[in-house]
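Trainee: Provided below: query.cif, containing mmCIF, C-alpha atoms and all ligand atoms.
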```
data_upload
loop_
_atom_site.label_atom_id
_atom_site.label_comp_id
_atom_site.auth_asym_id
_atom_site.auth_seq_id
_atom_site.Cartn_x
_atom_site.Cartn_y
_atom_site.Cartn_z
CA MET A 113 1.41 3.34 -3.42
CA MET A 114 2.96 4.65 -6.61
CA ASP A 115 6.68 5.40 -6.27
CA TRP A 116 6.59 4.33 -2.64
CA THR A 117 5.69 0.66 -2.11
CA ASP A 118 8.26 -0.78 -4.49
CA SER A 119 9.98 -4.06 -3.76
CA PRO A 120 12.60 -2.63 -1.34
CA CYS A 121 9.86 -0.90 0.64
CA ARG A 122 7.85 -4.10 0.84
CA VAL A 123 10.87 -6.10 1.96
CA LEU A 124 11.52 -3.57 4.73
CA HIS A 125 7.88 -3.74 5.78
CA ARG A 126 7.98 -7.52 5.72
CA CYS A 127 10.98 -7.45 8.07
CA LEU A 128 8.73 -5.51 10.44
CA THR A 129 5.57 -7.64 10.13
CA LYS A 130 5.31 -11.24 9.01
CA HIS A 131 1.52 -11.18 8.78
CA ALA A 132 0.19 -7.91 7.36
CA LEU A 133 -0.77 -8.13 3.69
CA LEU A 134 1.41 -5.90 1.50
CA TYR A 135 0.35 -4.33 -1.78
CA THR A 136 2.39 -3.31 -4.79
CA GLU A 137 2.13 0.05 -6.48
CA MET A 138 -0.63 0.15 -9.08
CA VAL A 139 0.49 -1.28 -12.42
CA THR A 140 -1.78 -0.81 -15.42
CA ALA A 141 -2.95 -3.85 -17.32
CA ASP A 142 -1.42 -2.37 -20.49
CA ALA A 143 1.97 -2.03 -18.78
CA VAL A 144 1.79 -5.65 -17.63
CA LEU A 145 0.91 -6.80 -21.13
CA HIS A 146 3.38 -4.66 -23.07
CA GLY A 147 6.03 -3.46 -20.61
CA ASP A 148 9.14 -4.87 -18.99
CA ARG A 149 7.44 -7.46 -16.81
CA VAL A 150 10.42 -8.39 -14.71
CA ARG A 151 10.97 -4.76 -13.78
CA LEU A 152 7.26 -4.07 -13.19
CA LEU A 153 6.22 -7.28 -11.48
CA GLY A 154 9.38 -8.86 -10.11
CA PHE A 155 9.38 -9.23 -6.35
CA ASP A 156 11.24 -11.07 -3.61
CA PRO A 157 9.37 -14.19 -2.37
CA PHE A 158 10.16 -12.92 1.14
CA GLU A 159 7.48 -10.24 0.52
CA HIS A 160 4.64 -12.77 0.77
CA PRO A 161 1.78 -12.35 1.39
CA VAL A 162 1.75 -9.70 -1.33
CA ALA A 163 -1.04 -8.47 -3.61
CA LEU A 164 -0.50 -6.97 -7.04
CA GLN A 165 -2.69 -3.96 -7.70
CA LEU A 166 -3.84 -3.55 -11.28
CA GLY A 167 -5.37 -0.56 -13.01
CA GLY A 168 -7.56 -0.80 -16.07
CA SER A 169 -11.10 -1.12 -17.34
CA ASP A 170 -10.80 -3.62 -20.18
CA PRO A 171 -11.93 -7.04 -18.91
CA ALA A 172 -9.85 -9.05 -21.40
CA LYS A 173 -6.66 -7.09 -20.69
CA LEU A 174 -7.20 -7.25 -16.93
CA ALA A 175 -7.83 -11.00 -17.15
CA ALA A 176 -4.60 -11.49 -19.11
CA ALA A 177 -2.69 -9.29 -16.66
CA ALA A 178 -4.15 -11.19 -13.69
CA LYS A 179 -3.01 -14.45 -15.24
CA ILE A 180 0.52 -13.07 -15.60
CA ALA A 181 0.37 -11.91 -11.97
CA ALA A 182 -0.59 -15.42 -10.91
CA ASP A 183 2.31 -16.85 -12.91
CA PHE A 184 4.67 -14.43 -11.15
CA GLY A 185 3.46 -15.85 -7.82
CA TYR A 186 1.38 -13.04 -6.36
CA GLY A 187 -1.09 -14.08 -3.68
CA GLU A 188 -3.90 -11.72 -4.65
CA VAL A 189 -4.87 -9.38 -7.47
CA ASN A 190 -6.48 -6.11 -6.49
CA LEU A 191 -8.28 -3.79 -8.89
CA ASN A 192 -7.82 -0.05 -8.39
CA VAL A 193 -11.11 1.86 -8.37
CA GLY A 194 -9.74 4.73 -6.32
CA CYS A 195 -6.92 6.56 -8.08
CA PRO A 196 -7.96 10.10 -9.08
CA SER A 197 -5.03 11.23 -11.25
CA ASP A 198 -5.72 12.83 -14.64
CA ARG A 199 -3.64 10.23 -16.42
CA VAL A 200 -5.80 7.52 -14.91
CA GLN A 201 -9.05 9.31 -15.71
CA SER A 202 -8.10 9.73 -19.35
CA GLY A 203 -7.45 5.97 -19.42
CA ARG A 204 -10.94 5.47 -17.93
CA PHE A 205 -9.86 3.62 -14.85
CA GLY A 206 -9.20 4.29 -11.20
CA ALA A 207 -11.73 6.34 -9.23
CA CYS A 208 -13.82 7.39 -12.25
CA LEU A 209 -14.98 3.76 -12.43
CA MET A 210 -17.07 4.44 -9.33
CA ARG A 211 -19.53 5.75 -11.94
CA GLU A 212 -19.50 2.45 -13.84
CA PRO A 213 -20.13 -0.44 -11.47
CA ALA A 214 -21.23 -2.71 -14.33
CA VAL A 215 -17.90 -2.21 -16.10
CA VAL A 216 -16.02 -2.97 -12.88
CA ALA A 217 -18.14 -6.08 -12.38
CA ASP A 218 -17.26 -7.26 -15.90
CA CYS A 219 -13.58 -6.65 -15.16
CA VAL A 220 -13.50 -8.58 -11.91
CA ALA A 221 -15.61 -11.39 -13.39
CA ALA A 222 -13.07 -11.78 -16.22
CA MET A 223 -10.16 -11.64 -13.77
CA ARG A 224 -11.78 -14.26 -11.54
CA ALA A 225 -12.36 -16.52 -14.51
CA ALA A 226 -8.67 -16.26 -15.43
CA VAL A 227 -7.08 -17.00 -12.04
CA SER A 228 -7.76 -18.93 -8.88
CA LEU A 229 -6.24 -16.18 -6.72
CA PRO A 230 -8.48 -13.90 -4.70
CA VAL A 231 -9.55 -10.94 -6.84
CA THR A 232 -10.23 -7.93 -4.62
CA VAL A 233 -11.25 -4.31 -5.13
CA LYS A 234 -9.94 -1.06 -3.67
CA CYS A 235 -12.43 1.75 -4.10
CA ARG A 236 -13.57 5.16 -2.89
CA ILE A 237 -17.05 5.83 -1.53
CA GLY A 238 -17.94 7.84 -4.64
CA VAL A 239 -16.77 10.62 -6.92
CA ASP A 240 -17.84 14.23 -7.46
CA ASP A 241 -21.58 14.70 -7.02
CA GLN A 242 -22.41 11.03 -6.46
CA ASP A 243 -24.36 10.18 -3.34
CA PRO A 244 -21.93 7.89 -1.47
CA GLU A 245 -24.84 6.08 0.19
CA HIS A 246 -25.70 4.88 -3.29
CA SER A 247 -22.37 4.80 -5.15
CA LEU A 248 -20.47 2.70 -2.60
CA ARG A 249 -23.26 0.15 -2.31
CA ALA A 250 -23.75 0.02 -6.09
CA LEU A 251 -20.05 -0.69 -6.65
CA ILE A 252 -19.81 -3.26 -3.88
CA ASP A 253 -23.07 -5.01 -4.82
CA ALA A 254 -22.06 -5.27 -8.49
CA CYS A 255 -18.63 -6.68 -7.65
CA ALA A 256 -20.00 -9.02 -5.01
CA ALA A 257 -22.51 -10.36 -7.54
CA ALA A 258 -19.50 -11.06 -9.78
CA GLY A 259 -17.91 -13.05 -6.95
CA VAL A 260 -15.61 -10.55 -5.21
CA GLY A 261 -15.60 -11.05 -1.45
CA ILE A 262 -12.94 -8.58 -0.28
CA PHE A 263 -13.08 -4.77 -0.53
CA ALA A 264 -10.72 -2.09 0.73
CA VAL A 265 -12.59 1.18 0.95
CA HIS A 266 -10.81 4.52 1.08
CA ALA A 267 -13.57 6.16 3.07
CA ARG A 268 -13.74 9.46 1.19
CA LYS A 269 -14.92 10.59 -2.19
CA ALA A 270 -12.52 11.56 -4.95
CA TRP A 271 -13.32 14.96 -6.38
CA LEU A 272 -12.10 14.48 -9.91
CA ASP A 273 -12.66 18.01 -11.07
CA GLY A 274 -10.33 20.50 -9.47
CA LEU A 275 -8.33 18.62 -6.82
CA SER A 276 -4.85 17.20 -7.26
CA PRO A 277 -4.29 13.53 -6.34
CA LYS A 278 -2.58 14.72 -3.16
CA GLU A 279 -5.53 16.93 -2.20
CA ASN A 280 -7.83 14.02 -2.97
CA ARG A 281 -6.16 12.11 -0.16
CA ASP A 282 -6.95 14.78 2.41
CA VAL A 283 -9.66 17.24 1.39
CA PRO A 284 -12.86 15.24 0.77
CA PRO A 285 -14.21 14.34 4.21
CA LEU A 286 -13.85 10.84 5.59
CA ASP A 287 -17.02 8.85 6.24
CA TYR A 288 -16.02 5.78 8.21
CA GLU A 289 -19.59 5.30 9.43
CA LEU A 290 -20.79 4.57 5.90
CA VAL A 291 -18.17 1.85 5.57
CA TYR A 292 -19.23 0.40 8.93
CA ARG A 293 -22.88 0.39 7.83
CA VAL A 294 -22.07 -1.39 4.59
CA LYS A 295 -20.18 -4.01 6.61
CA ARG A 296 -23.21 -4.47 8.88
CA GLU A 297 -25.48 -4.87 5.84
CA ARG A 298 -23.10 -7.28 4.14
CA PRO A 299 -21.61 -9.47 6.88
CA ASP A 300 -20.80 -12.01 4.16
CA LEU A 301 -18.16 -9.64 2.71
CA THR A 302 -14.71 -8.85 4.05
CA ILE A 303 -14.44 -5.08 4.33
CA LEU A 304 -11.23 -3.19 5.04
CA VAL A 305 -11.32 0.49 5.86
CA ASN A 306 -8.66 2.91 4.68
CA GLY A 307 -7.94 6.62 4.90
CA GLY A 308 -6.43 8.82 7.60
CA ILE A 309 -5.55 6.01 10.00
CA GLU A 310 -2.32 6.95 11.74
CA THR A 311 -1.93 4.74 14.79
CA LEU A 312 -2.53 1.13 15.78
CA ASP A 313 -4.92 2.34 18.49
CA GLN A 314 -7.05 3.90 15.76
CA ALA A 315 -6.76 0.70 13.73
CA GLN A 316 -7.95 -1.32 16.71
CA GLU A 317 -10.98 0.94 17.10
CA HIS A 318 -11.90 0.46 13.41
CA LEU A 319 -11.61 -3.29 13.83
CA ARG A 320 -14.64 -3.18 16.13
CA HIS A 321 -16.66 -2.36 13.00
CA VAL A 322 -14.86 -3.85 9.99
CA ASP A 323 -12.68 -6.83 9.16
CA GLY A 324 -9.45 -5.08 8.38
CA VAL A 325 -7.56 -1.83 8.20
CA MET A 326 -5.38 -0.63 5.36
CA LEU A 327 -2.58 1.77 6.24
CA GLY A 328 -1.05 3.94 3.55
CA ARG A 329 0.97 7.00 4.44
CA ALA A 330 1.38 6.10 8.13
CA ALA A 331 3.04 2.80 7.23
CA TYR A 332 5.37 4.53 4.79
CA HIS A 333 6.32 7.55 6.87
CA ASN A 334 6.43 5.72 10.19
CA PRO A 335 7.25 2.10 9.36
CA VAL A 336 8.18 1.36 12.96
CA LEU A 337 4.49 1.09 13.78
CA LEU A 338 4.45 -2.11 11.73
CA ALA A 339 6.73 -3.75 14.29
CA ASP A 340 3.79 -4.00 16.71
CA VAL A 341 1.28 -5.34 14.19
CA ASP A 342 2.02 -9.05 14.49
CA ALA A 343 1.84 -9.24 18.27
CA ARG A 344 -1.14 -6.92 18.51
CA PHE A 345 -3.39 -8.19 15.73
CA PHE A 346 -2.20 -11.59 14.61
CA GLY A 347 -1.14 -13.31 17.84
CA GLY A 348 2.37 -13.39 16.41
CA ALA A 349 5.76 -13.02 18.01
CA PRO A 350 6.87 -9.53 19.01
CA VAL A 351 9.25 -8.03 16.45
CA ILE A 352 12.50 -6.58 17.77
CA LEU A 353 13.05 -3.41 15.76
CA GLU A 354 16.83 -3.60 15.55
CA ALA A 355 16.75 -7.27 14.52
CA ALA A 356 14.29 -6.35 11.76
CA VAL A 357 16.52 -3.48 10.63
CA ASP A 358 19.55 -5.79 10.60
CA ALA A 359 17.59 -8.29 8.49
CA TYR A 360 16.80 -5.50 6.03
CA ALA A 361 20.46 -4.39 6.00
CA GLU A 362 21.39 -7.93 4.97
CA HIS A 363 18.86 -7.71 2.14
CA VAL A 364 20.41 -4.40 1.08
CA GLU A 365 23.84 -6.00 1.01
CA ARG A 366 22.60 -8.88 -1.16
CA GLN A 367 20.88 -6.47 -3.54
CA LEU A 368 23.99 -4.29 -3.82
CA ALA A 369 25.97 -7.39 -4.75
CA GLN A 370 23.50 -7.91 -7.60
CA GLY A 371 23.99 -4.38 -8.89
CA ALA A 372 21.15 -2.49 -7.20
CA ARG A 373 21.75 1.13 -6.14
CA LEU A 374 21.92 1.97 -2.44
CA HIS A 375 19.86 5.08 -2.98
CA SER A 376 16.66 3.20 -3.91
CA LEU A 377 17.21 0.58 -1.20
CA ILE A 378 17.46 3.04 1.67
CA LYS A 379 14.58 5.28 0.52
CA PRO A 380 11.91 3.39 2.53
CA MET A 381 14.16 3.54 5.63
CA LEU A 382 14.36 7.31 5.86
CA GLY A 383 11.42 7.61 8.27
CA LEU A 384 12.42 4.63 10.36
CA TYR A 385 13.70 6.49 13.41
CA ASN A 386 11.44 9.53 13.19
CA GLY A 387 10.84 10.97 16.62
CA ARG A 388 13.79 9.11 18.14
CA PRO A 389 17.15 10.49 19.22
CA GLY A 390 19.59 10.51 16.32
CA ALA A 391 16.88 10.37 13.63
CA ARG A 392 18.07 13.53 11.95
CA LEU A 393 21.69 12.36 11.84
CA PHE A 394 20.55 9.01 10.44
CA ARG A 395 18.53 10.63 7.67
CA ARG A 396 21.17 13.20 6.87
CA HIS A 397 23.95 10.63 6.64
CA LEU A 398 21.88 8.53 4.25
CA SER A 399 20.66 11.46 2.18
CA GLU A 400 24.14 12.93 1.80
CA ASN A 401 25.98 9.70 1.04
CA ALA A 402 23.68 7.11 -0.46
CA ALA A 403 23.33 8.79 -3.84
CA ARG A 404 27.06 8.54 -4.57
CA HIS A 405 27.57 6.16 -7.46
CA ASP A 406 29.91 3.92 -5.46
CA ALA A 407 27.88 4.08 -2.23
CA GLY A 408 28.04 0.72 -0.49
CA ILE A 409 26.66 -1.01 2.58
CA ALA A 410 29.12 0.89 4.80
CA VAL A 411 26.98 4.02 4.36
CA LEU A 412 24.00 2.25 5.89
CA HIS A 413 26.04 0.76 8.72
CA GLU A 414 27.49 4.20 9.50
CA ALA A 415 23.99 5.72 9.59
CA LEU A 416 22.73 2.94 11.85
CA ALA A 417 25.70 3.39 14.15
CA LEU A 418 24.83 7.08 14.49
CA VAL A 419 21.26 6.39 15.54
CA ARG A 420 22.15 3.44 17.73
CA VAL A 421 24.74 5.45 19.66
CA HIS A 422 22.06 8.05 20.33
CA GLY A 423 19.54 5.36 21.27
CA THR A 424 21.99 3.91 23.77
CA ARG A 425 22.67 7.32 25.28
CA ALA A 426 18.96 8.03 25.58
CA ALA A 427 18.21 4.66 27.17
C1 LIG B 1 2.37 8.57 -2.90
C2 LIG B 1 1.05 7.81 -2.91
C3 LIG B 1 0.78 6.92 -3.90
C4 LIG B 1 -0.40 6.19 -3.89
N1 LIG B 1 -0.62 5.25 -4.85
C5 LIG B 1 -1.69 4.45 -4.78
C6 LIG B 1 -1.86 3.35 -5.66
O1 LIG B 1 -1.01 3.08 -6.52
N2 LIG B 1 -2.98 2.59 -5.53
C7 LIG B 1 -3.91 2.84 -4.55
O2 LIG B 1 -4.90 2.11 -4.46
N3 LIG B 1 -3.78 3.86 -3.71
C8 LIG B 1 -2.70 4.66 -3.79
N4 LIG B 1 -2.54 5.67 -2.88
C9 LIG B 1 -3.61 5.93 -1.91
C10 LIG B 1 -3.35 5.14 -0.62
O3 LIG B 1 -3.35 3.75 -0.89
C11 LIG B 1 -4.46 5.41 0.39
O4 LIG B 1 -5.69 5.00 -0.13
C12 LIG B 1 -4.55 6.89 0.77
O5 LIG B 1 -3.28 7.46 0.96
C13 LIG B 1 -5.38 7.05 2.05
O6 LIG B 1 -4.89 6.22 3.08
P1 LIG B 1 -3.84 6.76 4.20
O7 LIG B 1 -4.48 7.94 4.84
O8 LIG B 1 -3.65 5.58 5.13
O9 LIG B 1 -2.58 7.14 3.48
C14 LIG B 1 -1.36 6.40 -2.87
C15 LIG B 1 -1.08 7.31 -1.85
C16 LIG B 1 0.12 8.02 -1.85
C17 LIG B 1 0.42 8.98 -0.73
#
```
Would you put the structure from the file into structure tokens?
Mentor:
Amino acid sequence: MMDWTDSPCRVLHRCLTKHALLYTEMVTADAVLHGDRVRLLGFDPFEHPVALQLGGSDPAKLAAAAKIAADFGYGEVNLNVGCPSDRVQSGRFGACLMREPAVVADCVAAMRAAVSLPVTVKCRIGVDDQDPEHSLRALIDACAAAGVGIFAVHARKAWLDGLSPKENRDVPPLDYELVYRVKRERPDLTILVNGGIETLDQAQEHLRHVDGVMLGRAAYHNPVLLADVDARFFGGAPVILEAAVDAYAEHVERQLAQGARLHSLIKPMLGLYNGRPGARLFRRHLSENAARHDAGIAVLHEALALVRVHGTRAA
């Protein structure tokens, strides 16, 4: 998610779940080809498994960008066919490509020819006045014919005319049943459902119908829910929240030593204790102190001490 799932966020999430696949923010193929690659694509190997999400509609550029992603060590390249922002529409990529399944198929075919990594697609069920019964199947069939086997479907349309990107994440109605039907029709494909899923109980219910669940805002705003993912869905070891937080604090300390700013490192932690005693003090201490130019690891330890004292009292 743009501006959210940067490398620090992914490292925090990886401290909370060893198994869930993590995705980068969308990076355009042009940015990969012409921008500061280390800044745009650099990640910590600890983040694995991690997928790079690309945006674009030019097969040759996407193929070259996918190759660069493979060289950087990503485990998967995902093509964005869901972003509704104006900037993206004027570049003719993102959700507006739901109208052009043949173009998307050319893109993923070129990407697949360039790399041996899985090439996957994240899409909507349609845009504007499209009939989702047709548009979702047309997109998936075209990409599957080009060899794509994994789709993450944000189960609502994007209304490109008139809604902001934020509204486009909430206003068009969700249609999970359509995604379930497509999975039933195409058991050969791996289908992940996305959109409006807030709890692991809801995720478990979706998993009766599809192969996977993609969490966006819930994972960002309430990262603690990721601590139950491994034990619940992957047969993994239970994650002890405070041990995971300490592991992330060590990462923060290492990053600070390399010149990173505390402010950007603690951003994904702000929602960590939401709903728990001391959460407000934790957030306030970080917000008030982490932006100082000389802010160091002590600020984080002080904030953690505040919330842990409250946790102990509440226990
Ligand atoms: C701040 C923000 C940035 C987002 N950026 C991206 C993006 O770069 N690529 C993408 O495929 N989806 C992006 N999304 C959409 C989410 O991945 C997801 O599809 C959407 O929020 C619905 O799922 P949710 O209800 O679990 O959040 C973004 C969402 C938010 C809130």
Trainee: Nearest to ligand LIG 1 (chain B) among A:Ser169, A:Ser197, A:Asn306, A:Thr140, with distances taken over only C-alpha atoms and all ligand atoms: which residue is it?
Mentor: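 That would be A:Asn306, the residue with the smallest distance to ligand LIG 1 (chain B).
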Trainee: Could you name the residues that touch A:Thr117 at 10 Å or less, counting all atoms listed in the file, but leaving out those on the same chain fewer than 5 positions away, as a list in words?
Mentor: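 After dropping sequence-adjacent residues, the list is Arg122, Val123, Leu124, His125, Leu134, Tyr135, Thr136, Glu137, Met138, Gly328, Ala331, Tyr332 and Pro380 of chain A.
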Trainee: Please write out the residues within 9 Å of ligand LIG 1 (chain B) as a ChimeraX atom specification, counting all atoms listed in the file.
Mentor: /A:113-117,135-139,165-167,190-195,206,234-236,264-268,277-278,280-282,306-310,325-332
Trainee: Please provide as a compact mmCIF listing (two decimals) with C-alpha atoms, keeping the file's coordinate frame all residues within 12 Å of stretch 343-355 of chain A, with the sequence filter that same-chain residues fewer than 3 positions apart are discarded (counting all atoms listed in the file).
Mentor:
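Saved result, out.txt, follows:
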```txt
# COMPACT_ATOMS: atom_id res chain seq x y z
CA LEU A 124 11.52 -3.57 4.73
CA HIS A 125 7.88 -3.74 5.78
CA ARG A 126 7.98 -7.52 5.72
CA CYS A 127 10.98 -7.45 8.07
CA LEU A 128 8.73 -5.51 10.44
CA THR A 129 5.57 -7.64 10.13
CA LYS A 130 5.31 -11.24 9.01
CA HIS A 131 1.52 -11.18 8.78
CA ALA A 132 0.19 -7.91 7.36
CA LEU A 133 -0.77 -8.13 3.69
CA LEU A 312 -2.53 1.13 15.78
CA ASP A 313 -4.92 2.34 18.49
CA ALA A 315 -6.76 0.70 13.73
CA GLN A 316 -7.95 -1.32 16.71
CA GLU A 317 -10.98 0.94 17.10
CA LEU A 319 -11.61 -3.29 13.83
CA ASP A 323 -12.68 -6.83 9.16
CA GLY A 324 -9.45 -5.08 8.38
CA VAL A 325 -7.56 -1.83 8.20
CA PRO A 335 7.25 2.10 9.36
CA VAL A 336 8.18 1.36 12.96
CA LEU A 337 4.49 1.09 13.78
CA LEU A 338 4.45 -2.11 11.73
CA ALA A 339 6.73 -3.75 14.29
CA ASP A 340 3.79 -4.00 16.71
CA ASP A 358 19.55 -5.79 10.60
CA ALA A 359 17.59 -8.29 8.49
CA TYR A 360 16.80 -5.50 6.03
CA ALA A 361 20.46 -4.39 6.00
CA GLU A 362 21.39 -7.93 4.97
CA LEU A 384 12.42 4.63 10.36
CA TYR A 385 13.70 6.49 13.41
CA LEU A 416 22.73 2.94 11.85
CA ALA A 417 25.70 3.39 14.15
CA VAL A 419 21.26 6.39 15.54
CA ARG A 420 22.15 3.44 17.73
CA GLY A 423 19.54 5.36 21.27
```
Trainee: Figure out the distance between atom CA of A:Leu374 and atom CA of A:His422, please, to one decimal in Å.
Mentor: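 Between these atoms lies a distance of 23.6 Å.
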Trainee: Which residues of stretch 154-175 of chain A come within 10 Å of stretch 182-189 of chain A, and for each one, what is the closest pair of atoms and their distance in Å to one decimal, counting all atoms listed in the file, sorted by chain and residue number, as JSON lines?
Mentor:
```
{"residue": "A:Gly154", "atom": "CA", "partner": "A:Phe184", "partner_atom": "CA", "distance": 7.4}
{"residue": "A:Phe155", "atom": "CA", "partner": "A:Phe184", "partner_atom": "CA", "distance": 8.5}
{"residue": "A:Pro157", "atom": "CA", "partner": "A:Gly185", "partner_atom": "CA", "distance": 8.2}
{"residue": "A:Glu159", "atom": "CA", "partner": "A:Tyr186", "partner_atom": "CA", "distance": 9.6}
{"residue": "A:His160", "atom": "CA", "partner": "A:Gly187", "partner_atom": "CA", "distance": 7.4}
{"residue": "A:Pro161", "atom": "CA", "partner": "A:Gly187", "partner_atom": "CA", "distance": 6.1}
{"residue": "A:Val162", "atom": "CA", "partner": "A:Gly187", "partner_atom": "CA", "distance": 5.7}
{"residue": "A:Ala163", "atom": "CA", "partner": "A:Glu188", "partner_atom": "CA", "distance": 4.5}
{"residue": "A:Leu164", "atom": "CA", "partner": "A:Val189", "partner_atom": "CA", "distance": 5.0}
{"residue": "A:Gln165", "atom": "CA", "partner": "A:Val189", "partner_atom": "CA", "distance": 5.8}
{"residue": "A:Leu166", "atom": "CA", "partner": "A:Val189", "partner_atom": "CA", "distance": 7.0}
{"residue": "A:Leu174", "atom": "CA", "partner": "A:Val189", "partner_atom": "CA", "distance": 10.0}
```
Trainee: What is the atom CA of A:Asp218-atom CA of A:Lys295 distance in Å, reported with one decimal?
Mentor: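 Going from atom CA of A:Asp218 over to atom CA of A:Lys295, I get 22.9 Å.
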Trainee: Between A:Arg204, A:His318, A:Arg149, A:Arg211, which is the closest to A:Tyr288 once you count all atoms listed in the file?
Mentor: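 Of all the options, A:His318 lies closest to A:Tyr288.
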Trainee: What's around A:Arg395 at 12 Å? Count only C-alpha atoms, leave out sequence neighbours fewer than 4 positions away in its own chain, and write the answer as a PyMOL selection string.
Mentor: chain A and resi 378-391+399-402+411-412+414-416+418-419
Trainee: What gap, in Å, lies between atom CA of A:Leu301 and atom CA of A:Gly261?
Mentor: 5.1 Å
Trainee: Return the single residue from A:Ile180, A:Ala172, A:Ala372, A:Val291 that is closest to A:Pro244, with distances computed using only C-alpha atoms.
Mentor: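 Ranking A:Ile180, A:Ala172, A:Ala372, A:Val291 by distance to A:Pro244, first place goes to A:Val291.
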Trainee: Determine, for each residue of stretch 118-210 of chain A having at least one atom at most 9 Å from an atom of stretch 239-242 of chain A, the closest pair of atoms and their separation in Å to one decimal, counting all atoms listed in the file; order by chain and ascending number, as a tab-separated table.
Mentor:
```
residue	atom	partner	partner_atom	distance
A:Ala207	CA	A:Val239	CA	7.0
A:Cys208	CA	A:Val239	CA	6.9
A:Leu209	CA	A:Val239	CA	9.0
A:Met210	CA	A:Val239	CA	6.6
```
Trainee: What are the centre and the three edge lengths of an axis-aligned box that wraps all atoms of stretch 261-269 of chain A in the file, given that 4 Å is added to every side, written as JSON and rounded to one decimal in Å?
Mentor:
```
{"center_x": -13.2, "center_y": -0.2, "center_z": 0.4, "size_x": 12.9, "size_y": 29.6, "size_z": 13.3}
```
